[in-house]
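Novice: File follows, data-v2.txt with compact mmCIF, C-alpha atoms and all ligand atoms:
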# COMPACT_ATOMS: atom_id res chain seq x y z
CA MET R 1 -25.60 19.58 -21.20
CA LYS R 2 -24.87 17.88 -24.48
CA VAL R 3 -22.03 19.39 -26.44
CA GLU R 4 -22.18 19.17 -30.19
CA ILE R 5 -18.58 18.36 -30.81
CA ARG R 6 -18.65 18.88 -34.53
CA SER R 7 -19.33 22.53 -33.96
CA LEU R 8 -16.39 23.04 -31.68
CA VAL R 9 -12.97 24.09 -32.76
CA PHE R 10 -10.61 21.78 -30.97
CA PRO R 11 -7.00 22.80 -31.60
CA LEU R 12 -4.46 20.04 -31.89
CA VAL R 13 -1.00 20.42 -30.55
CA ASN R 14 1.79 22.19 -32.30
CA SER R 15 5.36 22.46 -31.20
CA THR R 16 4.69 25.51 -29.14
CA GLY R 17 2.03 23.85 -27.21
CA CYS R 18 -1.51 24.89 -28.11
CA SER R 19 -3.69 21.92 -27.60
CA VAL R 20 -6.19 19.47 -26.24
CA ILE R 21 -7.07 16.55 -24.26
CA GLY R 22 -7.82 14.21 -26.99
CA PRO R 23 -11.15 12.48 -26.81
CA VAL R 24 -13.32 14.37 -29.20
CA GLY R 25 -14.35 15.12 -32.68
CA CYS R 26 -12.34 18.05 -33.79
CA ARG R 27 -11.14 20.43 -36.30
CA SER R 28 -7.41 20.36 -36.19
CA THR R 29 -5.06 23.08 -37.25
CA ASN R 30 -1.47 22.27 -37.97
CA VAL R 31 1.36 24.67 -37.43
CA LEU R 32 1.40 25.70 -41.02
CA GLY R 33 -2.18 26.80 -40.70
CA SER R 34 -4.00 24.25 -42.80
CA VAL R 35 -7.22 23.08 -41.28
CA GLN R 36 -8.44 19.54 -41.46
CA GLU R 37 -11.85 18.40 -40.28
CA ARG R 38 -12.07 14.95 -38.91
CA ARG R 39 -13.82 13.02 -36.25
CA LEU R 40 -11.82 11.68 -33.40
CA ASN R 41 -13.26 9.46 -30.79
CA PRO R 42 -12.80 8.88 -27.15
CA MET R 43 -9.20 8.00 -26.68
CA HIS R 44 -9.93 4.45 -25.84
CA VAL R 45 -7.94 1.90 -27.66
CA LEU R 46 -8.16 -1.83 -27.66
CA CYS R 47 -6.05 -3.53 -25.05
CA SER R 48 -6.64 -7.21 -24.78
CA SER R 49 -4.04 -8.01 -22.17
CA SER R 50 -4.01 -6.96 -18.57
CA SER R 51 -1.39 -6.96 -15.91
CA THR R 52 -1.55 -6.94 -12.19
CA SER R 53 2.03 -5.92 -11.63
CA SER R 54 2.54 -2.30 -10.71
CA SER R 55 6.30 -2.28 -10.61
CA PRO R 56 8.06 -1.83 -13.90
CA PRO R 57 11.11 -3.89 -14.67
CA HIS R 58 14.39 -2.22 -13.90
CA HIS R 59 16.20 -0.69 -16.86
CA THR R 60 19.77 0.28 -16.89
CA ALA R 61 21.08 3.28 -18.73
CA ALA R 62 21.83 2.41 -22.28
CA ASP R 63 23.08 3.82 -25.52
CA VAL R 64 21.32 2.96 -28.75
CA GLY R 65 23.06 -0.36 -29.09
CA ASP R 66 22.17 -1.31 -25.56
CA VAL R 67 18.58 -0.25 -26.13
CA ALA R 68 18.33 -2.59 -29.09
CA ARG R 69 20.00 -5.38 -27.19
CA HIS R 70 17.81 -4.84 -24.16
CA GLN R 71 14.65 -4.90 -26.26
CA ALA R 72 15.72 -8.05 -28.05
CA LEU R 73 16.40 -9.71 -24.73
CA THR R 74 13.12 -8.72 -23.16
CA GLU R 75 10.93 -9.19 -26.22
CA VAL R 76 9.74 -12.56 -25.09
CA ASP R 77 8.89 -11.92 -21.48
CA ASP R 78 7.70 -8.32 -21.37
CA GLY R 79 4.83 -8.59 -23.86
CA PRO R 80 1.91 -8.51 -21.42
CA GLU R 81 3.42 -5.64 -19.47
CA VAL R 82 3.86 -3.32 -22.43
CA LEU R 83 1.00 -0.85 -22.77
CA ILE R 84 2.32 0.94 -25.79
CA GLU R 85 5.23 0.40 -28.10
CA CYS R 86 6.54 2.59 -30.90
CA ARG R 87 8.49 0.46 -33.31
CA ASP R 88 10.78 2.16 -35.84
CA VAL R 89 8.52 5.18 -36.25
CA TYR R 90 9.20 7.72 -39.00
CA LYS R 91 7.40 11.02 -39.53
CA ALA R 92 8.09 13.91 -41.89
CA PHE R 93 6.35 17.23 -42.30
CA GLY R 94 6.86 18.24 -45.91
CA GLU R 95 10.56 17.94 -46.65
CA LYS R 96 11.46 17.93 -42.99
CA GLN R 97 12.14 14.43 -41.63
CA ILE R 98 11.40 14.65 -37.91
CA LEU R 99 11.22 11.10 -36.60
CA LYS R 100 13.76 8.68 -38.02
CA GLY R 101 13.16 5.30 -36.50
CA ALA R 102 12.01 6.02 -32.96
CA SER R 103 11.53 2.80 -30.98
CA PHE R 104 10.58 2.39 -27.33
CA LYS R 105 8.09 0.77 -24.98
CA VAL R 106 6.05 2.01 -22.07
CA ARG R 107 5.15 -0.65 -19.56
CA HIS R 108 2.49 -1.12 -16.95
CA GLY R 109 3.16 1.10 -13.92
CA GLU R 110 5.86 3.22 -15.51
CA ALA R 111 6.47 6.95 -15.19
CA VAL R 112 8.44 7.81 -18.30
CA GLY R 113 9.95 11.11 -19.39
CA ILE R 114 10.74 12.03 -22.97
CA ILE R 115 13.38 14.70 -23.21
CA GLY R 116 15.62 16.05 -25.92
CA PRO R 117 16.53 19.17 -27.86
CA SER R 118 13.82 21.48 -29.20
CA GLY R 119 12.30 20.40 -32.46
CA THR R 120 13.49 16.84 -32.15
CA GLY R 121 9.97 15.44 -32.35
CA LYS R 122 8.88 14.93 -28.74
CA SER R 123 5.39 16.36 -29.16
CA THR R 124 5.13 14.61 -32.50
CA ILE R 125 5.80 11.20 -30.97
CA LEU R 126 3.25 11.98 -28.24
CA ARG R 127 0.62 12.72 -30.86
CA ILE R 128 1.51 9.52 -32.66
CA MET R 129 1.20 7.55 -29.41
CA ALA R 130 -2.18 9.16 -28.82
CA GLY R 131 -3.37 8.16 -32.28
CA LEU R 132 -3.89 11.75 -33.37
CA LEU R 133 -1.18 11.50 -36.00
CA ALA R 134 -0.21 8.51 -38.12
CA PRO R 135 3.43 7.55 -38.64
CA ASP R 136 4.69 7.57 -42.22
CA LYS R 137 6.49 4.32 -41.49
CA GLY R 138 6.77 2.06 -38.48
CA ASP R 139 4.07 0.92 -36.09
CA VAL R 140 2.42 1.64 -32.79
CA TYR R 141 1.36 -1.36 -30.73
CA ILE R 142 -1.26 -0.98 -28.03
CA CYS R 143 -0.93 -3.86 -25.59
CA GLY R 144 0.64 -5.94 -28.32
CA LYS R 145 -2.00 -5.11 -30.93
CA LYS R 146 -0.91 -3.08 -33.92
CA ARG R 147 -2.88 0.13 -34.25
CA GLN R 148 -4.39 0.54 -37.68
CA GLY R 149 -4.53 4.19 -38.69
CA LEU R 150 -5.69 6.72 -36.14
CA ILE R 151 -8.02 6.33 -33.18
CA SER R 152 -11.23 4.99 -34.63
CA ASP R 153 -14.80 4.25 -33.68
CA GLU R 154 -14.15 0.53 -33.48
CA ASP R 155 -11.49 0.81 -30.82
CA LEU R 156 -13.60 1.53 -27.83
CA SER R 157 -12.45 -0.63 -25.01
CA GLY R 158 -9.34 -1.48 -23.08
CA LEU R 159 -6.58 1.07 -22.72
CA ARG R 160 -7.66 4.65 -22.33
CA ILE R 161 -5.19 7.25 -23.51
CA GLY R 162 -5.48 10.79 -22.21
CA LEU R 163 -3.56 13.82 -23.39
CA VAL R 164 -2.78 16.86 -21.32
CA PHE R 165 -1.17 19.58 -23.34
CA GLN R 166 0.96 22.48 -22.36
CA SER R 167 -1.63 25.22 -22.55
CA ALA R 168 -4.29 23.10 -20.82
CA ALA R 169 -6.45 23.78 -23.89
CA LEU R 170 -9.65 24.37 -22.04
CA PHE R 171 -12.66 25.57 -23.98
CA ASP R 172 -12.94 29.23 -23.05
CA SER R 173 -16.70 29.37 -23.40
CA LEU R 174 -17.37 26.26 -21.30
CA THR R 175 -17.36 26.14 -17.54
CA VAL R 176 -14.88 24.01 -15.63
CA ARG R 177 -17.62 21.41 -15.12
CA GLU R 178 -18.37 21.30 -18.85
CA ASN R 179 -14.68 21.12 -19.69
CA VAL R 180 -13.87 18.34 -17.23
CA GLY R 181 -17.02 16.37 -18.05
CA PHE R 182 -16.72 16.96 -21.77
CA MET R 183 -15.94 13.37 -22.74
CA LEU R 184 -18.71 11.96 -20.55
CA TYR R 185 -21.32 14.45 -21.75
CA GLU R 186 -20.44 13.51 -25.28
CA HIS R 187 -19.65 9.81 -25.10
CA SER R 188 -21.50 8.26 -22.21
CA ASN R 189 -25.10 7.61 -21.27
CA LEU R 190 -24.66 8.95 -17.76
CA SER R 191 -27.15 11.49 -16.47
CA ASP R 192 -26.06 15.10 -16.21
CA GLU R 193 -26.33 14.81 -12.44
CA ARG R 194 -23.99 11.80 -12.33
CA ILE R 195 -21.50 13.51 -14.62
CA ALA R 196 -21.56 16.57 -12.37
CA GLU R 197 -20.75 14.32 -9.40
CA LEU R 198 -17.88 12.67 -11.27
CA VAL R 199 -16.55 16.08 -12.27
CA THR R 200 -16.56 17.19 -8.64
CA GLU R 201 -14.75 13.98 -7.64
CA SER R 202 -12.18 14.39 -10.37
CA LEU R 203 -11.56 18.01 -9.38
CA ALA R 204 -11.20 16.93 -5.76
CA ALA R 205 -8.57 14.38 -6.84
CA VAL R 206 -6.42 17.24 -8.11
CA GLY R 207 -7.13 19.41 -5.08
CA LEU R 208 -9.75 21.76 -6.54
CA LYS R 209 -13.05 22.56 -4.87
CA GLY R 210 -15.93 24.85 -5.76
CA VAL R 211 -14.65 25.89 -9.17
CA GLU R 212 -17.13 23.91 -11.25
CA GLU R 213 -19.08 26.90 -12.53
CA ARG R 214 -16.08 29.11 -13.20
CA LEU R 215 -14.88 29.88 -16.71
CA PRO R 216 -11.24 29.14 -17.62
CA SER R 217 -10.54 32.87 -17.78
CA GLU R 218 -11.27 33.02 -14.04
CA LEU R 219 -8.51 30.52 -13.20
CA SER R 220 -4.75 30.91 -12.69
CA GLY R 221 -2.33 29.08 -15.00
CA GLY R 222 -1.66 26.43 -12.35
CA MET R 223 -5.39 25.89 -11.78
CA LYS R 224 -5.95 25.48 -15.50
CA LYS R 225 -3.34 22.75 -15.56
CA ARG R 226 -5.08 21.03 -12.68
CA VAL R 227 -8.40 21.26 -14.49
CA ALA R 228 -6.75 19.75 -17.56
CA LEU R 229 -5.44 16.95 -15.36
CA ALA R 230 -8.92 16.42 -13.88
CA ARG R 231 -10.24 16.17 -17.43
CA ALA R 232 -7.61 13.57 -18.26
CA ILE R 233 -8.39 11.34 -15.32
CA ILE R 234 -12.18 11.49 -15.28
CA SER R 235 -13.87 8.30 -16.30
CA ASP R 236 -17.37 6.92 -16.26
CA ASP R 237 -18.38 4.69 -13.43
CA LYS R 238 -19.31 1.53 -15.22
CA PRO R 239 -19.37 -1.32 -12.72
CA GLY R 240 -16.39 -3.61 -13.08
CA GLN R 241 -14.57 -1.15 -15.26
CA THR R 242 -10.99 -2.35 -15.40
CA GLU R 243 -9.55 -0.31 -18.19
CA GLN R 244 -5.96 0.67 -17.82
CA GLU R 245 -5.15 4.30 -18.50
CA LEU R 246 -2.11 5.90 -20.01
CA VAL R 247 -1.77 9.67 -19.71
CA LEU R 248 0.50 11.66 -21.97
CA TYR R 249 1.60 15.04 -20.63
CA ASP R 250 3.15 17.56 -22.98
CA GLU R 251 5.24 20.03 -20.99
CA PRO R 252 2.83 20.07 -18.04
CA THR R 253 4.92 22.51 -16.01
CA ALA R 254 5.94 24.91 -18.75
CA GLY R 255 5.27 28.50 -17.77
CA LEU R 256 4.74 27.77 -14.08
CA ASP R 257 6.79 29.19 -11.24
CA PRO R 258 8.96 26.65 -9.35
CA ILE R 259 6.44 26.07 -6.57
CA ALA R 260 3.46 25.72 -8.91
CA SER R 261 5.62 23.30 -10.93
CA THR R 262 6.22 21.20 -7.84
CA VAL R 263 2.48 21.12 -7.17
CA VAL R 264 1.77 19.84 -10.68
CA GLU R 265 4.66 17.33 -10.54
CA ASP R 266 3.29 15.94 -7.29
CA LEU R 267 -0.22 15.81 -8.73
CA ILE R 268 1.06 13.81 -11.67
CA ARG R 269 2.60 11.36 -9.21
CA SER R 270 -0.49 11.34 -7.01
CA VAL R 271 -2.94 10.21 -9.68
CA HIS R 272 -0.64 7.37 -10.74
CA ILE R 273 -1.41 3.89 -9.39
CA ASN R 274 1.62 4.09 -7.12
CA GLY R 275 0.35 7.32 -5.54
CA HIS R 276 -2.58 8.69 -3.59
CA ASP R 277 -4.62 11.59 -4.91
CA ALA R 278 -5.62 14.74 -3.08
CA ARG R 279 -8.50 12.86 -1.41
CA GLY R 280 -6.11 10.17 -0.17
CA LYS R 281 -7.51 7.62 -2.61
CA PRO R 282 -5.18 5.43 -4.67
CA GLY R 283 -4.41 6.91 -8.07
CA THR R 284 -5.94 5.33 -11.15
CA ILE R 285 -3.48 6.16 -13.91
CA THR R 286 -1.65 3.00 -14.91
CA SER R 287 1.32 4.64 -16.60
CA TYR R 288 2.24 8.05 -17.88
CA VAL R 289 4.63 9.74 -20.24
CA VAL R 290 5.83 13.30 -19.71
CA VAL R 291 7.49 15.44 -22.34
CA THR R 292 9.41 18.12 -20.51
CA HIS R 293 12.40 20.43 -20.56
CA GLN R 294 12.27 21.13 -16.85
CA HIS R 295 14.87 19.52 -14.63
CA SER R 296 12.55 19.61 -11.63
CA THR R 297 9.90 17.70 -13.55
CA ILE R 298 12.42 15.12 -14.74
CA ARG R 299 13.69 14.59 -11.22
CA ARG R 300 10.37 14.68 -9.41
CA ALA R 301 7.83 13.14 -11.76
CA VAL R 302 9.73 10.61 -13.84
CA ASP R 303 11.42 7.26 -13.13
CA ARG R 304 12.78 6.44 -16.55
CA ILE R 305 13.99 8.72 -19.31
CA LEU R 306 13.94 8.36 -23.06
CA PHE R 307 16.29 10.80 -24.74
CA LEU R 308 15.16 11.70 -28.23
CA HIS R 309 17.69 13.21 -30.58
CA GLU R 310 17.46 13.61 -34.34
CA GLY R 311 14.30 11.56 -34.43
CA LYS R 312 15.53 8.53 -32.49
CA VAL R 313 15.86 7.36 -28.93
CA VAL R 314 19.60 7.68 -28.36
CA TRP R 315 19.66 6.96 -24.65
CA GLU R 316 17.30 5.48 -22.12
CA GLY R 317 17.65 4.69 -18.47
CA PRO R 318 16.54 5.44 -14.92
CA THR R 319 16.36 9.12 -14.00
CA ALA R 320 19.22 8.76 -11.50
CA GLU R 321 21.50 7.42 -14.21
CA PHE R 322 20.79 10.42 -16.42
CA GLU R 323 22.81 12.62 -14.08
CA THR R 324 25.83 10.32 -14.21
CA SER R 325 25.71 9.10 -17.80
CA THR R 326 28.88 9.56 -19.80
CA ASN R 327 27.00 9.58 -23.09
CA PRO R 328 28.22 12.82 -24.76
CA ILE R 329 24.74 13.79 -25.98
CA VAL R 330 23.29 13.37 -22.50
CA ARG R 331 26.20 15.22 -20.88
CA GLN R 332 25.87 18.17 -23.22
CA PHE R 333 22.12 18.38 -22.73
CA ALA R 334 22.25 17.99 -18.96
CA GLY R 335 24.92 20.69 -18.72
CA GLY R 336 23.36 23.03 -21.26
CA SER R 337 26.71 23.29 -23.03
CA LEU R 338 27.12 24.74 -26.51
CA GLN R 339 29.97 22.30 -27.14
CA GLY R 340 29.09 18.77 -28.14
CA PRO R 341 27.23 16.65 -30.64
CA ILE R 342 23.94 18.59 -30.38
CA ARG R 343 23.95 21.50 -32.81
CA TYR R 344 21.39 24.29 -33.07
N1 LIG T 1 1.70 19.65 -38.13
C1 LIG T 1 2.94 20.04 -38.44
N2 LIG T 1 3.22 20.54 -39.66
C2 LIG T 1 4.47 20.92 -39.99
N3 LIG T 1 5.52 20.85 -39.16
C3 LIG T 1 5.31 20.38 -37.93
C4 LIG T 1 4.01 19.94 -37.50
N4 LIG T 1 4.10 19.51 -36.22
C5 LIG T 1 5.40 19.65 -35.87
N5 LIG T 1 6.11 20.18 -36.89
C6 LIG T 1 7.54 20.46 -36.89
O1 LIG T 1 8.19 19.27 -36.48
C7 LIG T 1 9.31 19.60 -35.66
C8 LIG T 1 9.20 18.83 -34.36
O2 LIG T 1 8.13 19.38 -33.62
P1 LIG T 1 7.80 18.87 -32.16
O3 LIG T 1 6.78 19.80 -31.62
O4 LIG T 1 7.49 17.44 -32.18
O5 LIG T 1 9.20 19.08 -31.45
P2 LIG T 1 9.57 19.07 -29.91
O6 LIG T 1 10.73 18.16 -29.76
O7 LIG T 1 8.36 18.76 -29.10
O8 LIG T 1 10.02 20.56 -29.72
P3 LIG T 1 9.97 21.53 -28.43
O9 LIG T 1 10.86 20.91 -27.41
O10 LIG T 1 10.53 22.81 -28.95
O11 LIG T 1 8.54 21.64 -28.02
C9 LIG T 1 9.32 21.11 -35.50
O12 LIG T 1 10.24 21.63 -36.44
C10 LIG T 1 7.92 21.51 -35.84
O13 LIG T 1 7.87 22.80 -36.39
Taking this structure as input, can you express it in the form of structure tokens?

Specialist:
Amino acid sequence: MKVEIRSLVFPLVNSTGCSVIGPVGCRSTNVLGSVQERRLNPMHVLCSSSSTSSSPPHHTAADVGDVARHQALTEVDDGPEVLIECRDVYKAFGEKQILKGASFKVRHGEAVGIIGPSGTGKSTILRIMAGLLAPDKGDVYICGKKRQGLISDEDLSGLRIGLVFQSAALFDSLTVRENVGFMLYEHSNLSDERIAELVTESLAAVGLKGVEERLPSELSGGMKKRVALARAIISDDKPGQTEQELVLYDEPTAGLDPIASTVVEDLIRSVHINGHDARGKPGTITSYVVVTHQHSTIRRAVDRILFLHEGKVVWEGPTAEFETSTNPIVRQFAGGSLQGPIRY
């Protein structure tokens, strides 16, 4: 099967979650309804450095000042470990300034959560990291190399970036096999038979068997999320392929019951390099970032938290320190209180 991507409507994310895994040509619709046609490419971006370390450096909880201090201190020695860095990123939609100087790094081996009040720009920063949206000001560095514009044809090796959005965003008219293998059908020279094998392997990694020929409408919500995960982790089988992979999850457990959420949280862990997938094989995802509101997902799937508020990272630290932080913004958010600095 060859899919003609230009003819497909591929919805990009909005704040309520409709969306895609990124690697395709698409027609994107923003939340205000305007439609832009543009060609996106496989979400592979140049990454010239590599790292063999799988354990991220320890970070202590920090307020904004500490974050700045910490970054200044580690600037020199953490370069090779940083897969992606957002540096002083600004983004407005019309008159509405959403991101106002967001700065943070994601390092090799990390499991990072981005949390914060609704509308604070979490999905927006994810789209900027993915290269689907350009910042108005500020820069995104991929393995130390400044990204120019959006994902482009020239950037085809190194770090792969996958997106898994809230609604799974499967193509309704394509089978599970066609959905999961979409990027390979479109962007590789592999035979259809080989792609089918890779699809089956990828589905097995997320614990799904025998669903290849089903349509998305024949799957439960939890299964759709697994299929979306399988689509994010599939890769071609070039010999010697050493690309690192960063996966960005936008609210991966939204709308799931508590047990189905746990399944997805564990799957996210299992496909990471520190885990073992459903087949017992070591995971392949180098690092991941999860945007979530769910406490269970924060606790179970994330090691370090970035707290985004009013367009900036106002706190970052290990997940355990989130519970005990005395930062008033964090305390209010963690407790769900109406009293405090966060206003709706
Ligand atoms: N393409 C767009 N055009 C106009 N406004 C947008 C666009 N994308 C996002 N916004 C607005 O930017 C703000 C931030 O949206 P975003 O989805 O990043 O927030 P969020 O922190 O992920 O929110 P939530 O937690 O509710 O999902 C919202 O007010 C949203 O309506």

Novice: Using only C-alpha atoms for the distances, tell me which of R:Glu81, R:Asp303, R:Glu265, R:Asp257 is nearest to Gly144 of chain R.

Specialist: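 Of all the options, R:Glu81 lies closest to Gly144 of chain R.
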
Novice: Between R:Leu132, R:Val291, R:Val106, R:Val271, which one has atoms that come closest to ligand LIG 1 (chain T), using only C-alpha atoms and all ligand atoms?

Specialist: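 Among the listed residues, the smallest separation from ligand LIG 1 (chain T) belongs to R:Val291.
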
Novice: Write out as a CSV table (one decimal) with C-alpha atoms, in the frame of the given file which residues come within 12 Å of Arg300 of chain R when counting all atoms listed in the file, dropping same-chain ones fewer than 6 positions away.

Specialist:
chain,number,residue,atom,x,y,z
R,111,ALA,CA,6.5,7.0,-15.2
R,112,VAL,CA,8.4,7.8,-18.3
R,113,GLY,CA,10.0,11.1,-19.4
R,253,THR,CA,4.9,22.5,-16.0
R,261,SER,CA,5.6,23.3,-10.9
R,262,THR,CA,6.2,21.2,-7.8
R,263,VAL,CA,2.5,21.1,-7.2
R,264,VAL,CA,1.8,19.8,-10.7
R,265,GLU,CA,4.7,17.3,-10.5
R,266,ASP,CA,3.3,15.9,-7.3
R,267,LEU,CA,-0.2,15.8,-8.7
R,268,ILE,CA,1.1,13.8,-11.7
R,269,ARG,CA,2.6,11.4,-9.2
R,270,SER,CA,-0.5,11.3,-7.0
R,290,VAL,CA,5.8,13.3,-19.7
R,292,THR,CA,9.4,18.1,-20.5
R,294,GLN,CA,12.3,21.1,-16.8
R,319,THR,CA,16.4,9.1,-14.0
R,320,ALA,CA,19.2,8.8,-11.5

Novice: As a list of chain:residue names, please: the residues near Gly101 of chain R (cut-off 7 Å, all atoms listed in the file, same-chain neighbours under 5 positions excluded).

Specialist: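 Listing them by chain and then by number gives R:Asp88, R:Val89, R:Tyr90, R:Gly311, R:Lys312.
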
Novice: Could you take the residues named above and write them with C-alpha atoms, as a PDB file, in the frame of the given file?

Specialist:
ATOM      1  CA  ASP R  88      10.780   2.160 -35.840  1.00  0.00           C
ATOM      2  CA  VAL R  89       8.520   5.180 -36.250  1.00  0.00           C
ATOM      3  CA  TYR R  90       9.200   7.720 -39.000  1.00  0.00           C
ATOM      4  CA  GLY R 311      14.300  11.560 -34.430  1.00  0.00           C
ATOM      5  CA  LYS R 312      15.530   8.530 -32.490  1.00  0.00           C
TER       6      LYS R 312
END

Novice: Quick one: of R:Glu310, R:Glu316, R:Glu197, R:Glu321, who's nearest to ligand LIG 1 (chain T), counting all atoms listed in the file?

Specialist: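 Distance minimum relative to ligand LIG 1 (chain T) lands on R:Glu310.
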
Novice: Report, in Å to a single decimal, how far apart atom CA of Val227 of chain R and atom CA of Leu203 of chain R are.

Specialist: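 A separation of 6.8 Å between them.
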
Novice: One decimal, Å: what's the distance from atom CA of Pro318 of chain R over to atom CA of His272 of chain R, could you say?

Specialist: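 Distance between the two atoms: 17.8 Å.
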
Novice: Need the axis-aligned box for ligand LIG 1 (chain T) with 6 Å each side, so what are the centre and edges in Å to one decimal, as lines of an AutoDock Vina configuration file?

Specialist:
center_x = 6.3
center_y = 20.1
center_z = -33.7
size_x = 21.2
size_y = 17.4
size_z = 24.6

Novice: How far is it from atom CA of Glu95 of chain R to atom O13 of ligand LIG 1 (chain T), in Å with one decimal?

Specialist: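 So the two atoms, atom CA of Glu95 of chain R and atom O13 of ligand LIG 1 (chain T), lie 11.7 Å apart.
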
Novice: Tell me which protein, DNA and RNA residues are within 7 Å of segment 205-217 of chain R, counting only C-alpha atoms, leaving out same-chain ones fewer than 4 positions away, and put them as a ChimeraX atom specification.

Specialist: /R:170,172-177,201,224,226,230,267,277-279

Novice: Identify which of the residues R:Asp250, R:Asp139, R:Glu243, R:Glu85 lies closest to Ala169 of chain R, counting all atoms listed in the file when measuring atom-to-atom distances.

Specialist: R:Asp250

Novice: Could you tell me which of R:Gly109, R:Pro258, R:Gly121, R:Gly317 comes closest to ligand LIG 1 (chain T) if we count all atoms listed in the file?

Specialist: R:Gly121

Novice: With all atoms listed in the file as the basis for distance, which of R:Glu186, R:Glu193, R:Glu251, R:Glu110 is at the shortest distance from ligand LIG 1 (chain T)?

Specialist: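 When distances to ligand LIG 1 (chain T) are compared using all atoms listed in the file, the smallest one comes from R:Glu251.
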